[in-house]
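Coordinates as given in run_29.cif (mmCIF, C-alpha atoms and all ligand atoms):
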data_work
loop_
_atom_site.label_atom_id
_atom_site.label_comp_id
_atom_site.auth_asym_id
_atom_site.auth_seq_id
_atom_site.Cartn_x
_atom_site.Cartn_y
_atom_site.Cartn_z
CA MET A 817 134.13 85.52 90.85
CA ALA A 818 130.79 87.23 91.47
CA GLN A 819 127.77 85.66 89.82
CA ASN A 820 126.87 87.51 86.62
CA LYS A 821 123.84 85.63 85.33
CA VAL A 822 120.59 84.48 86.93
CA LYS A 823 119.58 80.95 86.00
CA PHE A 824 115.80 80.64 85.65
CA ALA A 825 113.59 77.56 85.95
CA VAL A 826 110.35 78.43 84.14
CA VAL A 827 107.22 76.59 85.24
CA GLY A 828 104.12 76.59 82.99
CA ILE A 829 105.40 77.35 79.50
CA GLY A 830 102.11 77.26 77.61
CA GLY A 831 101.17 80.90 77.15
CA LEU A 832 102.76 83.63 79.22
CA GLY A 833 105.58 81.34 80.40
CA ARG A 834 106.75 81.19 76.79
CA SER A 835 106.68 85.02 76.68
CA HIS A 836 108.83 85.04 79.81
CA MET A 837 111.31 82.77 78.05
CA ILE A 838 111.57 85.37 75.28
CA GLY A 839 112.00 87.98 78.04
CA ILE A 840 114.87 85.97 79.55
CA ASN A 841 116.55 85.68 76.14
CA ASN A 842 116.10 89.44 75.64
CA ASN A 843 118.20 89.88 78.81
CA SER A 844 120.87 87.34 77.90
CA ASP A 845 123.61 89.48 79.46
CA VAL A 846 122.14 88.81 82.92
CA ALA A 847 119.70 85.92 82.52
CA GLU A 848 119.48 82.40 81.12
CA ILE A 849 116.88 79.65 80.88
CA TYR A 850 118.31 76.75 82.88
CA ALA A 851 115.29 74.43 83.05
CA VAL A 852 111.61 74.30 82.12
CA CYS A 853 108.66 72.46 83.62
CA ASP A 854 105.15 71.82 82.32
CA ASN A 855 102.86 68.94 83.18
CA ASN A 856 101.60 68.84 79.61
CA GLU A 857 104.16 66.72 77.74
CA GLU A 858 103.31 68.07 74.28
CA ILE A 859 103.72 71.70 75.41
CA LEU A 860 106.84 70.84 77.39
CA ASN A 861 108.67 69.28 74.46
CA ARG A 862 107.44 71.71 71.82
CA VAL A 863 108.48 74.83 73.74
CA ALA A 864 111.68 73.31 75.17
CA ASN A 865 112.69 72.33 71.60
CA GLU A 866 111.85 75.80 70.31
CA PHE A 867 114.17 77.38 72.89
CA ASN A 868 116.75 74.60 72.86
CA VAL A 869 116.35 73.79 76.56
CA GLU A 870 117.69 70.40 77.57
CA ARG A 871 116.61 70.22 81.21
CA ARG A 872 112.85 69.67 81.00
CA TYR A 873 110.50 68.35 83.69
CA LEU A 874 106.92 67.14 83.80
CA ASP A 875 107.05 67.22 87.61
CA PHE A 876 107.71 70.42 89.53
CA TYR A 877 109.08 68.67 92.63
CA GLU A 878 111.56 66.63 90.63
CA MET A 879 112.88 69.87 89.17
CA ILE A 880 113.15 71.45 92.63
CA LYS A 881 115.01 68.38 93.91
CA ASP A 882 117.54 68.48 91.06
CA GLY A 883 118.08 72.27 91.43
CA GLY A 884 121.01 74.01 89.79
CA PHE A 885 119.11 77.27 89.16
CA ASP A 886 118.59 80.52 91.13
CA CYS A 887 115.04 81.61 90.45
CA VAL A 888 111.75 79.81 89.87
CA LEU A 889 109.43 81.66 87.48
CA LEU A 890 105.80 80.60 87.94
CA SER A 891 103.46 81.06 85.01
CA THR A 892 100.94 78.39 85.91
CA PRO A 893 97.19 78.70 86.64
CA ASP A 894 96.50 81.11 89.53
CA SER A 895 95.18 78.41 91.90
CA ILE A 896 98.56 76.63 92.10
CA HIS A 897 100.81 79.67 92.56
CA ARG A 898 100.74 79.29 96.35
CA GLU A 899 101.79 75.65 96.46
CA HIS A 900 104.71 76.04 94.06
CA ALA A 901 105.85 79.43 95.37
CA VAL A 902 106.00 78.23 98.97
CA ALA A 903 107.82 75.03 97.96
CA ALA A 904 110.35 77.00 95.88
CA LEU A 905 111.02 79.48 98.70
CA GLU A 906 111.40 76.69 101.26
CA ALA A 907 113.92 75.02 98.96
CA GLY A 908 115.93 78.27 98.89
CA TYR A 909 115.05 79.75 95.49
CA HIS A 910 114.07 83.28 94.50
CA VAL A 911 110.58 83.48 92.96
CA LEU A 912 109.00 85.50 90.16
CA CYS A 913 105.28 84.73 90.27
CA GLU A 914 102.74 85.77 87.65
CA LYS A 915 99.78 87.90 88.66
CA PRO A 916 97.44 87.56 90.43
CA LEU A 917 99.61 86.42 93.32
CA ALA A 918 96.84 84.00 94.36
CA GLN A 919 93.06 83.75 94.54
CA THR A 920 92.46 84.15 98.28
CA VAL A 921 93.78 86.31 101.12
CA GLU A 922 94.79 83.13 102.97
CA ASP A 923 96.93 81.91 100.08
CA CYS A 924 98.54 85.35 99.77
CA GLU A 925 99.33 85.38 103.50
CA ALA A 926 101.00 81.97 103.24
CA MET A 927 103.16 83.27 100.38
CA VAL A 928 104.02 86.47 102.25
CA ALA A 929 105.04 84.44 105.32
CA ALA A 930 107.18 82.04 103.26
CA ALA A 931 108.89 84.89 101.39
CA LYS A 932 109.61 86.72 104.65
CA LYS A 933 111.02 83.62 106.33
CA SER A 934 113.21 82.68 103.35
CA GLY A 935 114.76 86.12 102.86
CA LYS A 936 114.70 85.38 99.11
CA LYS A 937 113.70 87.88 96.42
CA PHE A 938 110.05 87.68 95.40
CA MET A 939 108.51 89.54 92.48
CA THR A 940 104.82 89.60 91.62
CA GLY A 941 104.46 90.06 87.88
CA GLN A 942 102.04 92.99 87.84
CA VAL A 943 103.24 93.92 84.40
CA CYS A 944 101.23 97.16 84.00
CA ARG A 945 103.90 98.79 86.10
CA LYS A 946 106.23 98.17 83.15
CA ALA A 947 103.95 99.56 80.42
CA PRO A 948 105.62 102.76 79.13
CA GLY A 949 102.32 104.69 78.92
CA PHE A 950 101.45 103.95 82.54
CA ILE A 951 105.00 104.71 83.70
CA LYS A 952 104.74 108.11 81.99
CA ALA A 953 101.29 108.75 83.50
CA LYS A 954 102.59 107.99 87.00
CA GLU A 955 105.62 110.22 86.45
CA LEU A 956 103.32 113.09 85.45
CA VAL A 957 101.10 112.58 88.51
CA ASP A 958 104.10 112.35 90.86
CA SER A 959 105.63 115.51 89.36
CA GLY A 960 102.44 117.46 90.11
CA ALA A 961 101.68 118.04 86.41
CA ILE A 962 97.93 117.62 86.98
CA GLY A 963 97.84 119.04 90.51
CA GLU A 964 96.23 116.97 93.24
CA LEU A 965 94.36 113.83 92.25
CA PHE A 966 90.65 113.74 93.07
CA TYR A 967 89.33 110.89 90.86
CA VAL A 968 91.02 107.92 89.21
CA GLU A 969 89.55 105.20 87.04
CA SER A 970 90.90 102.20 85.18
CA GLU A 971 89.52 99.16 83.44
CA TYR A 972 90.33 95.68 82.29
CA ALA A 973 88.08 95.07 79.31
CA HIS A 974 88.63 91.80 77.52
CA ASP A 975 86.66 89.10 75.76
CA TYR A 976 87.12 85.59 77.18
CA GLN A 977 84.14 84.20 75.24
CA PHE A 978 86.28 82.48 72.62
CA LEU A 979 89.19 81.49 74.92
CA GLY A 980 87.85 77.99 75.51
CA LYS A 981 86.94 76.54 78.89
CA ALA A 982 90.36 75.83 80.36
CA TRP A 983 91.49 76.70 83.91
CA ARG A 984 90.02 80.24 83.82
CA TRP A 985 86.59 78.57 83.70
CA ASP A 986 87.31 76.19 86.65
CA PRO A 987 84.06 75.83 88.64
CA VAL A 988 85.96 74.62 91.75
CA ASN A 989 88.82 77.14 92.09
CA LEU A 990 86.70 80.10 91.08
CA ARG A 991 88.72 82.64 89.13
CA TYR A 992 86.82 85.84 89.85
CA SER A 993 87.49 88.15 86.92
CA ILE A 994 88.03 91.21 89.13
CA ILE A 995 91.00 89.32 90.65
CA GLY A 996 92.23 87.24 87.70
CA GLY A 997 92.31 90.00 85.07
CA GLY A 998 90.98 92.99 87.03
CA CYS A 999 94.08 92.82 89.24
CA HIS A 1000 95.87 94.75 86.45
CA ALA A 1001 93.55 97.74 86.85
CA ILE A 1002 93.50 97.46 90.65
CA ASP A 1003 97.28 97.31 90.82
CA LEU A 1004 97.65 100.28 88.50
CA LEU A 1005 95.39 102.48 90.66
CA ARG A 1006 97.04 101.26 93.88
CA TRP A 1007 100.43 102.13 92.37
CA ILE A 1008 99.28 105.62 91.45
CA ALA A 1009 96.81 106.52 94.23
CA GLY A 1010 97.63 104.22 97.18
CA ASP A 1011 95.72 101.52 99.04
CA PRO A 1012 91.93 101.92 98.98
CA GLU A 1013 90.37 102.09 102.43
CA LYS A 1014 87.00 100.68 101.33
CA VAL A 1015 85.49 99.08 98.25
CA MET A 1016 81.88 98.93 97.04
CA ALA A 1017 81.12 96.71 94.07
CA LEU A 1018 78.30 95.42 91.88
CA ALA A 1019 78.55 92.58 89.39
CA ASN A 1020 76.51 90.76 86.76
CA ARG A 1021 76.81 87.99 84.17
CA LYS A 1022 75.05 88.69 80.90
CA VAL A 1023 77.56 87.57 78.26
CA LEU A 1024 79.41 84.49 79.54
CA LYS A 1025 76.23 82.92 80.87
CA ASP A 1026 77.76 79.43 81.18
CA TRP A 1027 80.79 80.66 83.16
CA PRO A 1028 80.95 80.01 86.91
CA VAL A 1029 81.82 83.65 87.72
CA ASP A 1030 80.41 87.09 86.94
CA ASP A 1031 81.70 88.60 83.70
CA CYS A 1032 81.23 92.26 84.65
CA THR A 1033 82.20 93.99 87.90
CA ILE A 1034 82.39 97.65 88.77
CA ALA A 1035 84.03 98.66 92.01
CA ILE A 1036 84.14 102.14 93.45
CA MET A 1037 86.77 102.86 96.04
CA GLN A 1038 87.87 105.38 98.62
CA PHE A 1039 91.59 106.02 98.22
CA PRO A 1040 93.81 107.93 100.69
CA ASN A 1041 93.82 111.77 100.62
CA ASN A 1042 90.13 111.86 99.76
CA VAL A 1043 90.70 110.52 96.24
CA VAL A 1044 87.80 108.48 94.88
CA GLY A 1045 88.12 105.86 92.16
CA LYS A 1046 86.43 103.27 90.01
CA ILE A 1047 87.43 100.05 88.32
CA PHE A 1048 85.53 98.29 85.57
CA CYS A 1049 86.39 94.70 84.84
CA GLY A 1050 84.62 92.98 81.97
CA ILE A 1051 85.59 89.65 80.42
CA GLY A 1052 82.83 89.51 77.82
CA VAL A 1053 83.47 92.92 76.32
CA LYS A 1054 82.85 93.25 72.59
CA ARG A 1055 85.82 95.36 71.65
CA ASP A 1056 89.60 94.96 71.53
CA TYR A 1057 91.36 94.45 74.86
CA THR A 1058 91.86 97.77 76.60
CA MET A 1059 92.95 99.18 79.94
CA ARG A 1060 91.73 102.72 79.39
CA THR A 1061 92.74 104.76 82.41
CA CYS A 1062 91.75 108.33 83.36
CA LEU A 1063 93.44 110.32 86.10
CA TYR A 1064 91.75 113.55 87.14
CA GLY A 1065 93.65 116.23 89.05
CA THR A 1066 92.95 119.75 90.23
CA LYS A 1067 95.05 121.20 87.39
CA GLY A 1068 94.77 118.67 84.61
CA THR A 1069 93.68 115.29 83.33
CA ILE A 1070 95.52 112.29 81.89
CA ILE A 1071 93.89 109.73 79.61
CA CYS A 1072 95.98 106.71 78.69
CA ASP A 1073 95.83 103.07 77.69
CA ASN A 1074 98.35 100.26 77.50
CA ARG A 1075 97.76 99.93 73.74
CA ASN A 1076 97.98 103.53 72.53
CA PRO A 1077 101.14 105.10 71.09
CA THR A 1078 100.37 108.36 72.93
CA ILE A 1079 98.93 109.44 76.24
CA LYS A 1080 96.79 112.56 76.44
CA LEU A 1081 97.53 115.32 78.90
CA TYR A 1082 94.97 118.11 79.33
CA ARG A 1083 95.83 121.17 81.37
CA HIS A 1084 93.82 124.23 82.23
CA ALA A 1085 95.13 127.46 80.72
CA ILE A 1086 93.92 131.04 80.28
CA THR A 1087 94.36 132.76 76.93
CA ASP A 1088 95.51 136.39 76.54
CA ASN A 1089 91.88 137.46 76.24
CA GLY A 1090 90.88 135.67 79.45
CA GLU A 1091 89.30 132.55 77.94
CA HIS A 1092 89.53 129.32 79.96
CA ILE A 1093 90.81 126.49 77.75
CA TYR A 1094 91.99 122.88 78.16
CA PRO A 1095 94.49 122.24 75.37
CA ASP A 1096 95.46 118.59 75.02
CA LYS A 1097 98.97 117.41 74.41
CA ASP A 1098 99.74 114.00 72.91
CA ILE A 1099 102.81 112.52 74.59
CA PRO A 1100 104.37 109.71 72.52
CA VAL A 1101 105.08 106.45 74.36
CA ASP A 1102 106.21 102.97 73.29
CA ILE A 1103 103.58 100.24 73.27
CA ALA A 1104 104.65 97.32 75.46
CA HIS A 1105 101.58 96.08 77.32
CA HIS A 1106 103.23 92.78 78.31
CA ASN A 1107 106.70 94.09 78.99
CA VAL A 1108 107.96 90.96 80.73
CA SER A 1109 111.51 91.72 79.53
CA ALA A 1110 111.56 94.70 81.90
CA GLU A 1111 110.37 92.45 84.75
CA ILE A 1112 113.17 89.95 84.08
CA LYS A 1113 115.69 92.78 84.04
CA ASP A 1114 114.50 94.06 87.46
CA MET A 1115 114.45 90.56 88.93
CA CYS A 1116 118.03 89.92 87.79
CA ASP A 1117 119.15 93.26 89.16
CA ALA A 1118 117.54 92.45 92.53
CA ILE A 1119 119.24 89.03 92.70
CA LEU A 1120 122.66 90.02 91.37
CA ASN A 1121 122.98 93.38 93.14
CA ASP A 1122 120.71 92.79 96.14
CA THR A 1123 118.40 95.68 95.23
CA ALA A 1124 114.80 95.92 96.48
CA LEU A 1125 111.93 94.95 94.18
CA GLU A 1126 109.17 97.49 93.70
CA CYS A 1127 106.43 94.94 93.01
CA ASP A 1128 107.21 92.40 95.70
CA VAL A 1129 105.09 89.79 97.47
CA TYR A 1130 103.30 92.42 99.60
CA GLU A 1131 102.27 94.43 96.56
CA GLY A 1132 100.91 91.28 94.93
CA ALA A 1133 99.04 90.31 98.10
CA ASN A 1134 97.53 93.75 98.61
CA THR A 1135 96.28 93.98 95.04
CA VAL A 1136 94.52 90.63 95.58
CA ALA A 1137 93.13 91.93 98.91
CA VAL A 1138 91.35 94.75 97.04
CA GLY A 1139 89.97 92.28 94.48
CA ILE A 1140 88.66 90.02 97.26
CA ALA A 1141 87.01 93.03 98.92
CA ALA A 1142 85.23 93.76 95.61
CA VAL A 1143 84.03 90.14 95.34
CA GLU A 1144 82.76 90.23 98.94
CA SER A 1145 81.07 93.58 98.43
CA ALA A 1146 79.34 92.46 95.22
CA ALA A 1147 78.09 89.34 97.01
CA GLN A 1148 76.41 91.67 99.54
CA GLY A 1149 74.85 93.92 96.91
CA GLY A 1150 77.46 96.67 97.16
CA MET A 1151 78.06 96.90 100.91
CA PRO A 1152 81.37 98.66 101.76
CA VAL A 1153 84.20 96.22 102.51
CA ALA A 1154 87.64 97.11 103.90
CA PRO A 1155 90.44 95.13 102.19
CA ARG A 1156 92.51 92.85 104.44
CA TYR A 1157 96.03 94.07 103.69
CA SER A 1158 99.31 92.31 104.49
CA LYS A 1159 101.60 94.43 106.66
CA ARG A 1160 105.30 94.66 105.85
N1 LIG B 1 100.81 89.42 83.00
C1 LIG B 1 99.78 89.21 82.19
O1 LIG B 1 99.29 90.12 81.55
C2 LIG B 1 99.24 87.83 82.05
C3 LIG B 1 98.64 87.42 80.85
C4 LIG B 1 98.19 86.10 80.76
C5 LIG B 1 98.31 85.24 81.85
N2 LIG B 1 98.89 85.69 82.99
C6 LIG B 1 99.04 84.80 84.15
O2 LIG B 1 100.00 83.81 83.82
C7 LIG B 1 99.64 82.56 84.40
C8 LIG B 1 99.53 81.52 83.27
O3 LIG B 1 98.54 81.95 82.34
P1 LIG B 1 98.59 81.49 80.81
O4 LIG B 1 97.64 82.38 80.08
O5 LIG B 1 99.99 81.42 80.36
O6 LIG B 1 97.97 80.04 80.94
P2 LIG B 1 98.23 78.79 79.99
O7 LIG B 1 97.14 77.83 80.25
O8 LIG B 1 98.46 79.25 78.58
O9 LIG B 1 99.63 78.19 80.53
C9 LIG B 1 99.73 77.58 81.79
C10 LIG B 1 100.66 76.38 81.65
O10 LIG B 1 100.84 75.80 82.94
C11 LIG B 1 100.89 74.40 82.78
N3 LIG B 1 100.58 73.75 84.06
C12 LIG B 1 99.38 73.62 84.66
N4 LIG B 1 99.50 72.99 85.84
C13 LIG B 1 100.82 72.69 85.99
C14 LIG B 1 101.58 72.04 86.99
N5 LIG B 1 101.01 71.56 88.11
N6 LIG B 1 102.93 71.92 86.81
C15 LIG B 1 103.52 72.39 85.69
N7 LIG B 1 102.84 73.01 84.70
C16 LIG B 1 101.51 73.17 84.85
C17 LIG B 1 99.88 74.09 81.67
O11 LIG B 1 100.12 72.86 81.03
C18 LIG B 1 100.11 75.28 80.73
O12 LIG B 1 101.05 75.00 79.72
C19 LIG B 1 98.35 82.81 85.16
O13 LIG B 1 98.64 83.07 86.50
C20 LIG B 1 97.77 84.05 84.51
O14 LIG B 1 96.95 84.81 85.36
C21 LIG B 1 99.37 86.95 83.10
#
Structure encoded using structure tokens:
Amino acid sequence: MAQNKVKFAVVGIGGLGRSHMIGINNNSDVAEIYAVCDNNEEILNRVANEFNVERRYLDFYEMIKDGGFDCVLLSTPDSIHREHAVAALEAGYHVLCEKPLAQTVEDCEAMVAAAKKSGKKFMTGQVCRKAPGFIKAKELVDSGAIGELFYVESEYAHDYQFLGKAWRWDPVNLRYSIIGGGCHAIDLLRWIAGDPEKVMALANRKVLKDWPVDDCTIAIMQFPNNVVGKIFCGIGVKRDYTMRTCLYGTKGTIICDNRNPTIKLYRHAITDNGEHIYPDKDIPVDIAHHNVSAEIKDMCDAILNDTALECDVYEGANTVAVGIAAVESAAQGGMPVAPRYSKR
């Protein structure tokens, strides 16, 4: 009988890993939680009890040795994605890895090579591609509703000041904010406008003064087809989390966010008496800014029906490549840097 459910082993069940467990349960027709792993015993037992999971591991490699599952879902700190992803692929498992894929181009390349060699399915969890507002915005752009793009901008504006100094603050494995959180905005613009050819960035640190990385980065980019773009990433921003995104085309403009129930579409029109106007239309969309359930559904479909994943290991690697280019550019006072992309 053909397999009809994907068995997941979820690693790192503190924050987003727990959300993924809800996502797996939301797809119970095709997915199940087989095992969980967290090296924090209190978190491991609390969350495993909450979800009634019997197979629980403090040690990742013990879990890999025991096996019995199909897919390893990594929701651990960014700096250990590479080690666990490569080990899981080498042991013959599919991998769903949280964003950002990794923190360096070298780590991404190692993951790309391991995924390629294994032939296993690999999804990078760039979840903005599952936010209904952004899906609608991309559909409108692709359909030509705003003509040809000429300028795109997106942002990741968050406040990490009261998060506490856990792994995001790590002074050894620096978690540059333009990669760690800014990868959402980078990935969104890459998805809509393609791979930037060059990146010029400036950064400062005026809010999180005791953090080891800059808290504000702006990066301007040259996209294909002579589209220009900008990303703002701030992790000390004094307002609610937002990913406000504006897409400017020759015939119209889209303004959207992952937390608004509508997206705005402006289009040029001429009234009967010859007046040029730009009426705006509010298009209703669901709010699902962390739509991990949709990711789980796609991953299961890819494994059970051998379909291709849209946000695979290359997409994850190339989003990180743009973030690294921004870090390198900012370190040189805004010099243009070409991202080092992974080739399929
Ligand atoms: N898609 C999104 O929007 C989004 C949002 C938040 C976080 N993330 C990503 O998810 C990942 C986890 O972030 P988080 O906010 O859930 O962090 P978290 O600190 O809340 O959870 C991470 C968990 O991993 C566990 N862990 C650490 N090292 C481990 C190891 N060696 N073996 C097993 N478990 C280990 C920790 O005990 C913790 O429970 C990160 O890569 C982060 O960038 C993505």
_Show me, as a PyMOL selection string, the residues that have an atom within 8 Å of Lys946 in chain A when counting only C-alpha atoms, minus same-chain residues fewer than 3 positions from it._
chain A and resi 943+950-951+1104-1108+1110-1111
*Go through A:Ala1017, A:Met1059, A:Ala864, A:Val1043 and flag the residue nearest Cys944 in chain A, using all atoms listed in the file for the distances.*
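Among A:Ala1017, A:Met1059, A:Ala864, A:Val1043, it is A:Met1059 that comes nearest to Cys944 in chain A.
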*Please identify the residues whose atoms come within 7 Å of ligand LIG 1 (chain B), using only C-alpha atoms and all ligand atoms, and report them as number ranges by chain.*
A: 827-833, 853-856, 859, 874-876, 891-894, 896, 914-916, 941-943, 983, 996-997, 1106
_Gap from CA of Phe824 in chain A to CA of His1000 in chain A - Å, one decimal_ = 24.4 Å
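Taking CA of Gly1150 in chain A and CA of Trp1007 in chain A as the two end points, the separation is 24.1 Å.
Distance cut-off 9 Å, centre (99.5, 99.5, 93.8), atoms counted only C-alpha atoms; the residues meeting this are Arg945, Ile1002, Asp1003, Leu1004, Leu1005, Arg1006, Trp1007, Ile1008, Ala1009, Gly1010, Asp1011, Cys1127, Glu1131, Gly1132, Asn1134 and Thr1135 of chain A.
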*asked:* If I take CA of Pro1152 in chain A and CA of Val1015 in chain A, how far is one from the other in Å, to one decimal?
replied: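 Those two atoms sit 5.4 Å apart.
Between Lys1067 in chain A and the candidates A:Val957, A:Leu1018, A:Ala929, A:Val1136, the tightest atom-to-atom separation, counting all atoms listed in the file, involves A:Val957.
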*So which residues touch Pro1012 in chain A within 8 Å, counting all atoms listed in the file, skipping near sequence neighbours fewer than 3 positions away, as JSON, numbers by chain?*
{"A": [1006, 1015, 1037, 1038, 1039, 1040, 1138, 1155]}
_From the options A:Ala947, A:Asn820, A:Cys999, A:Ser835, which residue's atoms come nearest to Asp886 in chain A, counting only C-alpha atoms?_
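Checking each candidate against Asp886 in chain A, we get A:Asn820 as the closest.
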*If you count all atoms listed in the file, which residues fall within 10 Å of Asp1102 in chain A, apart from same-chain ones fewer than 6 positions away, as an MDAnalysis selection string?*
chainID A and resid 947:949 1074:1078
*For Ala930 in chain A, please output as a PyMOL selection string all residues within 8 Å (counting only C-alpha atoms; exclusion window: fewer than 2 positions along the same chain).*
chain A and resi 902+905-906+926-928+932-934
*Using all atoms listed in the file, which residue out of A:Ala1001, A:Cys1032, A:Met939, A:Ala1154 lies closest to Asp1114 in chain A?*
A:Met939
_For Lys937 in chain A: contacts at 7 Å, only C-alpha atoms, fewer than 5 positions along chain excluded, given as a ChimeraX atom specification_ = /A:910-911,1119
